[in-house]
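**Student:** My questions all concern the structure below.
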Amino acid sequence: MTAAQTTRQWPAKRRMTRKQRRLGMIAAAGAVLALAAGLVLFAMRDSIVFFYGPTEIAEKGVAPGTRMRLGGLVETGSVQRGPGQRVAFAVTDGRSTVKVSYDGLLPDLFREGQGVVTEGIFEGAGRFKADSVLAKHDETYMPREVADTLKKQGHWQGEAGAAAPAKP
Amino acid sequence: MIVEIGHYALALALGVSVIQALVPLWGLSRQDRALAAVGTSAALISFALVALSFAALVASYVRSDFSVANVFENSHSAQPLLYKFTSVWGNHEGSLLLWVLILTLFGALVALSHRSLPPRLRAGALAAQGLVAAAFLAFTLFTSNPFRRLSPVPAEGQDLNPILQDLGLAIHPPLLYVGYVGFSMTYAFAVAALIDGRIDAMWARAVRPWTLLAWTFLTLGIAMGSYWAYYELGWGGWWFWDPVENASFMPWLAGTALIHSTVVMEKRDALKVWTILLAILTFSLSLLGTFVVRSGVLTSVHSFATDPARGLFILLILVFFVGGSLALFAWRAPLLRQGGLFAPVSRESALVVNNIFLATACATVFVGTLYPLALEMLTGDKISVGAPFFNATFVPVVVPLLLFLPIGQSLAWKRGDLLGAAQRNAAAFGIALAAALALIAFTRGGPVLAPLGVGLGLFLVLGAGFDLAERIVARASGWPAMLSRARGLPRSAWGTALAHAGIGLSIIGIAAAAWSSEAIAVLKPGERLTAGRYTVVLESVLPRTGPNFRAEVARFQLFSGDRELAPLEASKRVYTARAMPTTEAGIHTDWLSQAYVSLGEGQDGGLAVRFYDKPLILLIWIGAIVMAFGGALSLTDRRFRLAAPRRAVPAAAAQPAE
């Protein structure tokens with residue numbers, strides 16, 4: 001809208017209020033956005049979780065006690081069950097291995113030799129206490145982070161079903 | 001033959017859509033009415049062609065024609081007929097075809113309705129809609145052709161992903177797509193208004209039904225998806241703040257804001273430029289959602305093997321439509337005449353506050369969803385942003401909005417009385433606060449936030465109810481007068497109240513989740529496991545065979561205290577074609593609460609069992625259904641029937657018979 005139109009439409013006093021109101025509206029929106037930005041920045045510090053492969057843990061010097069996600073392949077022959085629903089298994093990227101302990105039910109698609117992503121606390125000295133093991137919908141699906149980790153360590157043999165068709 | 005006809009029809013539809021997109025624009029620029037009107041017939045033809053194509057694919061699935069690669073990959077001759085049918089959209093190619101079908105259906109509906117609209121606006125909207133359809137048809141044909149043939153023809157199909165062989169997920173994508181695609185209509189109208197350089201209350205009235213329709217279906221679709229995740233994934237969670245979920249939640253938030261801002265535009269002829277921008281953003285978020293889901297750039301519990309080439313194509317579509325419309329907006333928006341002023345304390349200002357908060361809430365979800373992607377591109381670090389992030393950002397933004405909702409709802413248009421509105425809600429607030437305090441006292445030592453959440457939900461429900469009651473009771477005396485007043489109230493008023501009460505119900509359900517309890521143990525037959533108020537006793541474990549799976553079924557007896565409630569069955573299935581296991585949870589609904597049992601693996605002669613007590617959990621989805629019902633009720637409001645007298649019924653056409 002041009003200034004000329006405005007002058008024609010509104011007497012001087014109303015024009016002031018229009019401007020003020022618009023400023024007020026912008027100020028209100030700005031305040032809410034600033035509040036949200038503050039919350040976001042605050043949450044970024046505390047509530048995001050980094051993803052590492054077994055080798056990266058050593059390379060990046062992850063401090064014991066750090067909450068993180070660990071991804072790789074479940075080492076064949078490493079799964080030990082019990083007592084109760086406790087499970088211990090090893091996650092490997094071909095070069096390094098991390099021992100994972102987990103107390104809970106494993107997802108349906110958890111298998112030896114398959115990709116896995118777990119979230120929990122890195123306890124140092126190659127040990128990891130998982131509090132969740134993530135499930136995927138599709139058995140040919142390789143979590144992207146795991147695929148990247150394996151590629152980095154030179155153990156990538158193409159997606160298990162690279163020739164297989166894509167699923168939704 | 002049928003397959004080739006379907007493929008050919010799809011290619012023809014692409015051609016017709018290009019005509020629908022370009023010819024009316026040319027007509028508009030040459031001021032040629034006949035050329036501008038081409039969009040109407042083009043939209044109808046393109047819908048007919050896509051429907052034919054979709055019918056061909058359905059036919060291939062129903063007849064288990066494994067010479068079609070898509071059928072081979074996603075179906076199996078032993079599947080029940082229902083799942084053969086729903087397999088059509090249980091995969092990338094088929095779901096895209098469904099997307100395009102709904103898109104062209106909406107185009108056809110616009111072509112049939114809105115005869116009262118200014119012809120320039122209609123022509124522009126159909127052109128914009130045709131452009132979207134053309135882009136998605138090209139995407140389907142060039143990267144995801146559902147009609148690719150296989151030679152030699154395999155004898156048996158690979159089966160649909162077992163986890164998708166479920167009624168809930170069978171109807172989830174169509175609901176969600178009607179929601180996503182419905183917002184393409186508001187987008188098309190926004191683009192048309194920008195091209196035309198004019199916008200008024202008539203525009204708002206034309207757009208509002210589409211927004212309401214899309215929002216209603218999106219609400220149902222999200223709720224359905226969440227309930228599916230809850231009972232099918234077997235871990236009792238119903239919302240994970242996962243990228244794919246957020247992808248559908250962002251358009252919902254933006255669409256909710258859009259519904260409210262079009263009301264202001266319709267009633268007060270204000271907020272025009274913002275509403276246009278919001279319409280563009282809402283559909284952009286729908287496209288973003290498609291990009292996120294289809295490209296696999298973000299890791300998600302719901303993601304499947306995906307193809308980067310497709311991701312790139314969708315990214316191009318995204319950049320073109322978002323960038324193009326925003327450029328158009330920057331160029332043309334200054335032409336739109338500014339709307340009226342409004343007082344700081346009024347219904348319209350309250351709705352502006354609603355929009356500010358909803359847009360901000362949407363922005364926090366946006367940041368949380370895309371930040372990992374940005375960070376990985378910039379630094380190579382991989383992170384995951386989960387529930388703690390959203391609890392710390394989204395929730396604090398939304399809670400003030402909800403607290404303010406009942407007050408804003410009872411403010412009058414033009415000049416409201418804040419004190420009066422607060423007083424009118426004092427009773428609702430008092431009751432809700434008292435209930436929350438009573439709950440805190442009663443559940444001493446339990447979570448404190450849960451009673452406050454229940455109080456907030458109760459405040460919303462009561463606020464919506466009291467607001468309606470007041471409008472009915474005020475100035476009327478005696479039952480007949482009140483009844484006639486209730487009948488005289490516009491349906492949109494009932495719709496608003498229901499939608500707001502629905503949010504309240506959902507919030508009560510969400511808050512009550514803090515009281516749920518979980519127990520995990522390895523059980524042998526005869527042993528018991530207690531979670532919260534419920535106990536299960538494992539009775540037996542039996543094998544069973546289904547049409548395309550084998551199952552191990554565990555039978556339980558459910559107790560509440562010493563009272564026997566019901567037998568309960570949970571199972572682990574292995575689908576033979578893919579040798580893929582799934583978990584079927586056993587759920588007993590007890591009023592609004594549920595007892596939920598799911599199985600882990602067998603070990604040491606026992607069976608790992610996970611058992612939950614989920615108090616009031618059904619309210620989460622009942623609330624969503626009430627919200628959607630409110631949206632549907634608003635949709636039938638008298639003024640839309642008058643605005644669009646010849647609207648066709650969208651049923652039937654979506655499911656062409658073989």
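Residue numbering restarts at 1 for every chain of the structure tokens, chains are lettered A, B, ... in their displayed order, and ligands are numbered from 1 as they appear.
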Residues of chain B were defined as contacting chain A if any atom lay at most 8 Å from it, counting only C-alpha atoms; please report them as a PyMOL selection string.
**Tutor:** chain B and resi 73+90-93+161+163+294+299+301-307+334-338+341+344+356-357+360-361+364+381-386+388-389+392-393+397+520-522+580-583+600-601+603+608+610
**Student:** As a ChimeraX atom specification, please: the residues near A:Lys99 (cut-off 12 Å, only C-alpha atoms, same-chain neighbours under 2 positions excluded).
**Tutor:** /A:54,70-75,78-80,87-92,96-97,101-102,118,121-130
**Student:** Could you write those residues out with C-alpha atoms, as a PDB file, in the first residue's frame?
**Tutor:**
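Contents of result.pdb, as written:
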ATOM      1  CA  PRO A  54      32.409 -47.641  17.856  1.00  0.00           C
ATOM      2  CA  LEU A  70      25.642 -45.880  19.279  1.00  0.00           C
ATOM      3  CA  GLY A  71      25.200 -47.548  15.928  1.00  0.00           C
ATOM      4  CA  GLY A  72      26.804 -50.403  14.041  1.00  0.00           C
ATOM      5  CA  LEU A  73      26.352 -54.077  13.421  1.00  0.00           C
ATOM      6  CA  VAL A  74      25.432 -56.566  16.126  1.00  0.00           C
ATOM      7  CA  GLU A  75      28.535 -58.761  16.249  1.00  0.00           C
ATOM      8  CA  SER A  78      27.993 -61.856  20.791  1.00  0.00           C
ATOM      9  CA  VAL A  79      24.396 -61.900  22.041  1.00  0.00           C
ATOM     10  CA  GLN A  80      24.050 -63.255  25.591  1.00  0.00           C
ATOM     11  CA  VAL A  87      20.786 -58.776  27.233  1.00  0.00           C
ATOM     12  CA  ALA A  88      24.427 -58.195  26.437  1.00  0.00           C
ATOM     13  CA  PHE A  89      25.736 -57.840  22.908  1.00  0.00           C
ATOM     14  CA  ALA A  90      28.585 -56.210  21.034  1.00  0.00           C
ATOM     15  CA  VAL A  91      28.244 -53.484  18.435  1.00  0.00           C
ATOM     16  CA  THR A  92      30.978 -53.366  15.847  1.00  0.00           C
ATOM     17  CA  SER A  96      36.328 -51.417  16.933  1.00  0.00           C
ATOM     18  CA  THR A  97      33.781 -53.039  19.147  1.00  0.00           C
ATOM     19  CA  SER A 101      24.262 -54.101  28.098  1.00  0.00           C
ATOM     20  CA  TYR A 102      20.530 -53.611  27.918  1.00  0.00           C
ATOM     21  CA  THR A 118      20.973 -47.938  20.611  1.00  0.00           C
ATOM     22  CA  ILE A 121      25.198 -43.915  28.471  1.00  0.00           C
ATOM     23  CA  PHE A 122      28.791 -44.518  27.400  1.00  0.00           C
ATOM     24  CA  GLU A 123      30.481 -45.950  30.478  1.00  0.00           C
ATOM     25  CA  GLY A 124      34.061 -45.764  29.247  1.00  0.00           C
ATOM     26  CA  ALA A 125      36.483 -48.578  28.441  1.00  0.00           C
ATOM     27  CA  GLY A 126      34.392 -49.839  25.540  1.00  0.00           C
ATOM     28  CA  ARG A 127      31.243 -50.415  27.582  1.00  0.00           C
ATOM     29  CA  PHE A 128      27.827 -48.972  26.896  1.00  0.00           C
ATOM     30  CA  LYS A 129      24.639 -49.155  28.930  1.00  0.00           C
ATOM     31  CA  ALA A 130      21.678 -48.878  26.588  1.00  0.00           C
TER      32      ALA A 130
END
**Student:** Can you tell me, as a ChimeraX atom specification, which residues in stretch 187-402 of chain B count as strand (DSSP E or B) by DSSP?
**Tutor:** /B:382-385
**Student:** Write out, as a PDB file, in the first residue's frame, the residues just selected, with N, CA and C atoms.
**Tutor:**
ATOM      1  N   LYS B 382      26.642 -36.146  13.862  1.00  0.00           N
ATOM      2  CA  LYS B 382      25.294 -36.694  13.789  1.00  0.00           C
ATOM      3  C   LYS B 382      24.652 -36.587  15.165  1.00  0.00           C
ATOM      4  N   ILE B 383      23.452 -36.028  15.184  1.00  0.00           N
ATOM      5  CA  ILE B 383      22.776 -35.932  16.469  1.00  0.00           C
ATOM      6  C   ILE B 383      21.349 -36.423  16.314  1.00  0.00           C
ATOM      7  N   SER B 384      20.739 -36.704  17.425  1.00  0.00           N
ATOM      8  CA  SER B 384      19.314 -36.979  17.364  1.00  0.00           C
ATOM      9  C   SER B 384      18.620 -36.040  18.330  1.00  0.00           C
ATOM     10  N   VAL B 385      17.504 -35.508  17.871  1.00  0.00           N
ATOM     11  CA  VAL B 385      16.727 -34.585  18.682  1.00  0.00           C
ATOM     12  C   VAL B 385      15.447 -35.313  19.034  1.00  0.00           C
TER      13      VAL B 385
END
**Student:** Can you pull out every residue within 7 Å of stretch 97-113 of chain B, counting only C-alpha atoms, but drop anything in the same chain fewer than 2 positions away, and send it as JSON, numbers by chain?
**Tutor:** {"B": [40, 43, 44, 46, 47, 50, 51, 54, 89, 93, 94, 95, 115, 126, 129, 133, 136, 137, 177, 178, 181, 644, 646, 647, 648]}
**Student:** Convert the current residue selection to file output with C-alpha atoms, as a PDB file, in the first residue's frame.
**Tutor:**
ATOM      1  CA  THR B  40     -12.264 -26.449 -15.747  1.00  0.00           C
ATOM      2  CA  ALA B  43      -9.160 -30.571 -14.341  1.00  0.00           C
ATOM      3  CA  LEU B  44     -12.081 -32.938 -14.883  1.00  0.00           C
ATOM      4  CA  SER B  46      -7.107 -35.154 -15.697  1.00  0.00           C
ATOM      5  CA  PHE B  47      -9.019 -36.546 -12.714  1.00  0.00           C
ATOM      6  CA  VAL B  50      -5.708 -40.562 -13.026  1.00  0.00           C
ATOM      7  CA  ALA B  51      -8.753 -42.438 -11.670  1.00  0.00           C
ATOM      8  CA  PHE B  54      -5.435 -45.923 -10.276  1.00  0.00           C
ATOM      9  CA  TRP B  89      -0.745 -47.557  -1.365  1.00  0.00           C
ATOM     10  CA  GLU B  93       4.866 -45.819  -6.181  1.00  0.00           C
ATOM     11  CA  GLY B  94       1.302 -46.688  -5.304  1.00  0.00           C
ATOM     12  CA  SER B  95       1.077 -44.123  -2.537  1.00  0.00           C
ATOM     13  CA  ARG B 115     -19.366 -21.142  -9.721  1.00  0.00           C
ATOM     14  CA  LEU B 126      -7.045 -24.287 -11.240  1.00  0.00           C
ATOM     15  CA  GLN B 129      -3.388 -26.693  -8.940  1.00  0.00           C
ATOM     16  CA  ALA B 133      -0.464 -32.029 -10.332  1.00  0.00           C
ATOM     17  CA  PHE B 136       3.770 -34.871  -9.121  1.00  0.00           C
ATOM     18  CA  LEU B 137       2.652 -36.737 -12.225  1.00  0.00           C
ATOM     19  CA  TYR B 177      -3.017 -37.532   2.025  1.00  0.00           C
ATOM     20  CA  VAL B 178      -6.444 -35.913   1.902  1.00  0.00           C
ATOM     21  CA  VAL B 181      -3.321 -32.475  -0.542  1.00  0.00           C
ATOM     22  CA  ALA B 644     -20.602 -23.300  -2.939  1.00  0.00           C
ATOM     23  CA  ARG B 646     -22.945 -27.100  -6.475  1.00  0.00           C
ATOM     24  CA  ARG B 647     -20.245 -28.924  -4.570  1.00  0.00           C
ATOM     25  CA  ALA B 648     -20.046 -32.500  -5.713  1.00  0.00           C
TER      26      ALA B 648
END
**Student:** Report the distance between atom CA of B:Ala127 and atom CA of B:Asp196 in Å, rounded to one decimal place.
**Tutor:** 12.3 Å
**Student:** Tell me which protein, DNA and RNA residues are within 8 Å of stretch 410-424 of chain B, counting only C-alpha atoms, leaving out same-chain ones fewer than 4 positions away, and put them as a list in words.
**Tutor:**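 Residues near the query, excluding close chain neighbours: Phe342, Ala343, Val345, Ser346, Arg347, Glu348, Ala350, Pro406 and Asp467 of chain B.
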